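J.: This one is protein38.cif, mmCIF, C-alpha atoms.
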data_target
loop_
_atom_site.label_atom_id
_atom_site.label_comp_id
_atom_site.auth_asym_id
_atom_site.auth_seq_id
_atom_site.Cartn_x
_atom_site.Cartn_y
_atom_site.Cartn_z
CA MET L 1018 -147.39 -30.53 51.38
CA LYS L 1019 -148.98 -33.82 52.35
CA TYR L 1020 -147.87 -33.24 55.95
CA THR L 1021 -149.54 -29.84 55.88
CA LEU L 1022 -152.87 -31.47 55.05
CA LEU L 1023 -152.37 -34.02 57.81
CA ALA L 1024 -151.55 -31.27 60.33
CA GLY L 1025 -154.61 -29.33 59.20
CA ARG L 1026 -156.87 -32.34 59.68
CA VAL L 1027 -155.43 -33.01 63.14
CA LEU L 1028 -155.78 -29.39 64.28
CA TYR L 1029 -159.25 -29.03 62.78
CA SER L 1030 -160.63 -32.20 64.31
CA LEU L 1031 -159.28 -31.62 67.84
CA ILE L 1032 -161.86 -28.99 68.79
CA PHE L 1033 -164.69 -31.33 67.84
CA ILE L 1034 -163.18 -34.36 69.56
CA PHE L 1035 -162.57 -32.54 72.84
CA SER L 1036 -165.90 -30.73 72.88
CA SER L 1037 -167.94 -33.82 71.98
CA PHE L 1038 -167.49 -35.34 75.45
CA GLY L 1039 -169.14 -32.32 77.07
CA HIS L 1040 -172.38 -33.15 75.27
CA PHE L 1041 -173.04 -35.90 77.78
CA SER L 1042 -172.98 -33.60 80.81
CA GLU L 1043 -175.97 -32.14 82.61
CA PRO L 1044 -174.68 -28.55 82.35
CA SER L 1045 -174.43 -28.79 78.53
CA ILE L 1046 -177.86 -30.38 78.26
CA GLY L 1047 -179.31 -27.75 80.60
CA TYR L 1048 -177.71 -24.91 78.64
CA ALA L 1049 -179.13 -26.22 75.37
CA ALA L 1050 -182.56 -26.60 76.96
CA SER L 1051 -182.38 -23.01 78.22
CA LYS L 1052 -181.65 -21.88 74.63
CA GLY L 1053 -184.81 -23.64 73.40
CA VAL L 1054 -183.39 -26.90 72.06
CA PRO L 1055 -186.28 -29.38 72.06
CA ALA L 1056 -185.66 -32.78 73.69
CA ALA L 1057 -182.23 -31.56 74.78
CA SER L 1058 -181.60 -34.64 76.93
CA LEU L 1059 -181.76 -36.72 73.74
CA LEU L 1060 -180.50 -34.33 71.06
CA VAL L 1061 -177.45 -32.97 72.88
CA PRO L 1062 -175.84 -36.39 73.48
CA LEU L 1063 -176.81 -37.41 69.93
CA SER L 1064 -175.08 -34.29 68.62
CA GLY L 1065 -171.99 -35.27 70.63
CA ILE L 1066 -171.95 -38.67 68.92
CA ILE L 1067 -172.36 -37.08 65.47
CA GLU L 1068 -169.61 -34.58 66.26
CA LEU L 1069 -167.20 -37.26 67.53
CA ILE L 1070 -167.74 -39.61 64.59
CA GLY L 1071 -167.32 -36.79 62.09
CA ALA L 1072 -164.16 -35.52 63.77
CA LEU L 1073 -162.57 -38.97 64.05
CA SER L 1074 -163.36 -39.61 60.40
CA ILE L 1075 -161.59 -36.39 59.41
CA LEU L 1076 -158.69 -36.99 61.79
CA LEU L 1077 -158.00 -40.48 60.46
CA GLY L 1078 -158.84 -39.66 56.88
CA TYR L 1079 -161.33 -42.52 56.77
CA LYS L 1080 -164.41 -41.57 54.76
CA ALA L 1081 -163.48 -37.96 55.59
CA LYS L 1082 -165.94 -36.54 53.07
CA TYR L 1083 -168.79 -38.19 54.98
CA GLY L 1084 -167.23 -37.11 58.27
CA ALA L 1085 -167.13 -33.53 57.05
CA TRP L 1086 -170.84 -33.70 56.21
CA LEU L 1087 -171.48 -34.96 59.75
CA ILE L 1088 -169.65 -31.89 61.07
CA VAL L 1089 -171.81 -29.66 58.86
CA LEU L 1090 -174.91 -31.50 60.11
CA PHE L 1091 -173.73 -30.87 63.67
CA LEU L 1092 -172.76 -27.21 63.15
CA ILE L 1093 -175.92 -25.94 61.46
CA PRO L 1094 -178.34 -26.37 64.38
CA VAL L 1095 -175.70 -25.64 67.02
CA THR L 1096 -174.68 -22.40 65.32
CA PHE L 1097 -178.16 -21.05 64.73
CA MET L 1098 -179.83 -22.24 67.94
CA LEU L 1099 -177.10 -21.78 70.54
CA HIS L 1100 -175.29 -18.74 69.14
CA ASN L 1101 -178.19 -16.61 67.97
CA PHE L 1102 -176.47 -13.37 68.97
CA TRP L 1103 -179.08 -11.25 67.22
CA THR L 1104 -181.57 -12.07 70.00
CA ILE L 1105 -179.31 -10.97 72.88
CA GLU L 1106 -179.67 -7.57 74.53
CA ASP L 1107 -176.55 -7.51 76.73
CA ALA L 1108 -173.68 -6.08 74.65
CA MET L 1109 -170.96 -8.30 76.16
CA ALA L 1110 -172.98 -11.50 75.83
CA LYS L 1111 -173.98 -10.51 72.30
CA GLN L 1112 -170.31 -10.01 71.35
CA MET L 1113 -169.35 -13.40 72.80
CA ASP L 1114 -172.14 -15.22 70.97
CA MET L 1115 -171.34 -13.40 67.74
CA ALA L 1116 -167.72 -14.57 68.00
CA ALA L 1117 -168.88 -18.16 68.60
CA PHE L 1118 -171.32 -17.86 65.69
CA MET L 1119 -168.61 -16.62 63.31
CA LYS L 1120 -166.18 -19.33 64.52
CA ASN L 1121 -168.76 -21.98 63.74
CA ILE L 1122 -169.48 -20.46 60.32
CA SER L 1123 -165.77 -20.59 59.48
CA MET L 1124 -165.52 -24.19 60.70
CA MET L 1125 -168.52 -25.02 58.54
CA GLY L 1126 -166.64 -23.56 55.57
CA ALA L 1127 -163.63 -25.75 56.31
CA ALA L 1128 -165.86 -28.81 56.63
CA LEU L 1129 -167.38 -28.04 53.23
CA MET L 1130 -163.89 -27.87 51.73
CA ILE L 1131 -163.05 -31.26 53.25
CA ALA L 1132 -166.37 -32.61 51.93
CA TYR L 1133 -165.32 -31.53 48.45
CA PHE L 1134 -161.57 -32.22 48.40
CA GLY L 1135 -161.34 -35.14 50.83
CA SER L 1136 -158.61 -35.91 53.32
CA GLY L 1137 -155.46 -35.79 51.23
CA PRO L 1138 -152.67 -38.30 50.67
CA LEU L 1139 -151.83 -39.23 54.28
CA SER L 1140 -155.13 -40.83 55.21
CA LEU L 1141 -156.64 -44.25 55.71
CA ASP L 1142 -158.67 -43.78 52.53
CA ASN L 1143 -155.46 -43.33 50.53
CA ARG L 1144 -153.37 -45.92 52.37
CA LYS L 1145 -153.60 -48.41 49.51
CA ASN L 1146 -152.23 -45.78 47.11
CA GLU L 1147 -149.27 -45.03 49.41
CA THR L 1148 -148.26 -48.69 49.76
CA ALA L 1149 -148.35 -49.19 45.98
CA LEU L 1150 -145.69 -46.49 45.44
#
Can you turn what I pasted into structure tokens?
T.:
Amino acid sequence: MKYTLLAGRVLYSLIFIFSSFGHFSEPSIGYAASKGVPAASLLVPLSGIIELIGALSILLGYKAKYGAWLIVLFLIPVTFMLHNFWTIEDAMAKQMDMAAFMKNISMMGAALMIAYFGSGPLSLDNRKNETAL
């Protein structure tokens, strides 16, 4: 089962690691600005840093509980500001944003579980316990 937790951490963190680099691009900053994000040229790259640190923490199992809280901190404003499907008139666009909103809500739930349970046995935090066995 310990490998299942490791695989889960790897798969969970990949989406955040890969998407974090896009937060430094003009199109991402422009999109966030168009959705009403204040100071998007500062906050979008900052959110990319928060997202990357949180995801790497979870991936490596190093202070994963704190990393999970960073992911929650990242997901709350992103979910409610960028995927506010309830404000969209176009049915197709509304459906797409609703799917993204629900995906983020589910990822927030997983981050909260990691924040509570931690990273599991195959992690940097538990490395000292593994070597003692």
J.: Please enumerate the residues selected by the PyMOL selection byres ((chain L and resi 1091-1099) around 7) when evaluated against the supplied file, formatted as a PyMOL selection string.
T.: chain L and resi 1049+1052+1064+1067-1068+1087-1090+1100-1101+1118+1121+1125
J.: Go ahead and write the selection's residues with C-alpha atoms as a PDB file, in the coordinates of the input.
T.:
ATOM      1  CA  ALA L1049    -179.130 -26.220  75.370  1.00  0.00           C
ATOM      2  CA  LYS L1052    -181.650 -21.880  74.630  1.00  0.00           C
ATOM      3  CA  SER L1064    -175.080 -34.290  68.620  1.00  0.00           C
ATOM      4  CA  ILE L1067    -172.360 -37.080  65.470  1.00  0.00           C
ATOM      5  CA  GLU L1068    -169.610 -34.580  66.260  1.00  0.00           C
ATOM      6  CA  LEU L1087    -171.480 -34.960  59.750  1.00  0.00           C
ATOM      7  CA  ILE L1088    -169.650 -31.890  61.070  1.00  0.00           C
ATOM      8  CA  VAL L1089    -171.810 -29.660  58.860  1.00  0.00           C
ATOM      9  CA  LEU L1090    -174.910 -31.500  60.110  1.00  0.00           C
ATOM     10  CA  HIS L1100    -175.290 -18.740  69.140  1.00  0.00           C
ATOM     11  CA  ASN L1101    -178.190 -16.610  67.970  1.00  0.00           C
ATOM     12  CA  PHE L1118    -171.320 -17.860  65.690  1.00  0.00           C
ATOM     13  CA  ASN L1121    -168.760 -21.980  63.740  1.00  0.00           C
ATOM     14  CA  MET L1125    -168.520 -25.020  58.540  1.00  0.00           C
TER      15      MET L1125
END
J.: Convert the output of the PyMOL selection byres ((chain L and resi 1072) around 9) on the shown file into explicit residues, formatted as a PDB file with C-alpha atoms, in the frame of the given file.
T.:
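This went into expr_11.pdb:
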ATOM      1  CA  ARG L1026    -156.870 -32.340  59.680  1.00  0.00           C
ATOM      2  CA  TYR L1029    -159.250 -29.030  62.780  1.00  0.00           C
ATOM      3  CA  SER L1030    -160.630 -32.200  64.310  1.00  0.00           C
ATOM      4  CA  LEU L1031    -159.280 -31.620  67.840  1.00  0.00           C
ATOM      5  CA  ILE L1032    -161.860 -28.990  68.790  1.00  0.00           C
ATOM      6  CA  PHE L1033    -164.690 -31.330  67.840  1.00  0.00           C
ATOM      7  CA  ILE L1034    -163.180 -34.360  69.560  1.00  0.00           C
ATOM      8  CA  ILE L1067    -172.360 -37.080  65.470  1.00  0.00           C
ATOM      9  CA  GLU L1068    -169.610 -34.580  66.260  1.00  0.00           C
ATOM     10  CA  LEU L1069    -167.200 -37.260  67.530  1.00  0.00           C
ATOM     11  CA  ILE L1070    -167.740 -39.610  64.590  1.00  0.00           C
ATOM     12  CA  GLY L1071    -167.320 -36.790  62.090  1.00  0.00           C
ATOM     13  CA  LEU L1073    -162.570 -38.970  64.050  1.00  0.00           C
ATOM     14  CA  SER L1074    -163.360 -39.610  60.400  1.00  0.00           C
ATOM     15  CA  ILE L1075    -161.590 -36.390  59.410  1.00  0.00           C
ATOM     16  CA  LEU L1076    -158.690 -36.990  61.790  1.00  0.00           C
ATOM     17  CA  LEU L1077    -158.000 -40.480  60.460  1.00  0.00           C
ATOM     18  CA  ALA L1081    -163.480 -37.960  55.590  1.00  0.00           C
ATOM     19  CA  GLY L1084    -167.230 -37.110  58.270  1.00  0.00           C
ATOM     20  CA  ALA L1085    -167.130 -33.530  57.050  1.00  0.00           C
ATOM     21  CA  LEU L1087    -171.480 -34.960  59.750  1.00  0.00           C
ATOM     22  CA  ILE L1088    -169.650 -31.890  61.070  1.00  0.00           C
TER      23      ILE L1088
END
J.: Starting from the PyMOL selection byres ((chain L and resi 1135) around 10), expand the selection into actual residues of this file and give them as a list in words.
T.: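 Expected selection for the PyMOL selection byres ((chain L and resi 1135) around 10) here is Ile1075, Gly1078, Tyr1079, Lys1080, Ala1081, Lys1082, Tyr1083, Gly1084, Ala1085, Ala1128, Leu1129, Met1130, Ile1131, Ala1132, Tyr1133, Phe1134, Ser1136, Gly1137, Pro1138, Ser1140 and Asp1142 of chain L.
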J.: Using only C-alpha atoms for the distances, tell me which of L:Val1054, L:Ala1117, L:Leu1023, L:Ile1066 is nearest to Phe1041 (chain L).
T.: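 For Phe1041 (chain L), the nearest of the given residues is L:Ile1066.
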J.: Can you tell me, as a ChimeraX atom specification, what residues are no more than 12 Å from Phe1102 (chain L) when counting all atoms listed in the file, ignoring any on the same chain fewer than 6 positions away?
T.: /L:1052,1096,1108-1119
J.: For a test of reading the model, state the distance in Å between CA of Thr1021 (chain L) and CA of Gly1039 (chain L), rounded to one decimal.
T.: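 Computing it gives 29.0 Å between the two atoms.
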J.: What does the distance from CA of His1040 (chain L) to CA of Trp1103 (chain L) come to in Å, to one decimal?
T.: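 Spanning CA of His1040 (chain L) to CA of Trp1103 (chain L) is a straight-line distance of 24.3 Å.
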J.: What separation in Å, quoted to one decimal, exists between CA of Pro1044 (chain L) and CA of Trp1086 (chain L)?
T.: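 Distance between the two atoms: 26.9 Å.
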J.: Using all atoms listed in the file, which residue out of L:Asn1143, L:Asp1107, L:Gly1065, L:Tyr1048 lies closest to Phe1035 (chain L)?
T.: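 Answer, going by the shortest atom-to-atom distance: L:Gly1065.
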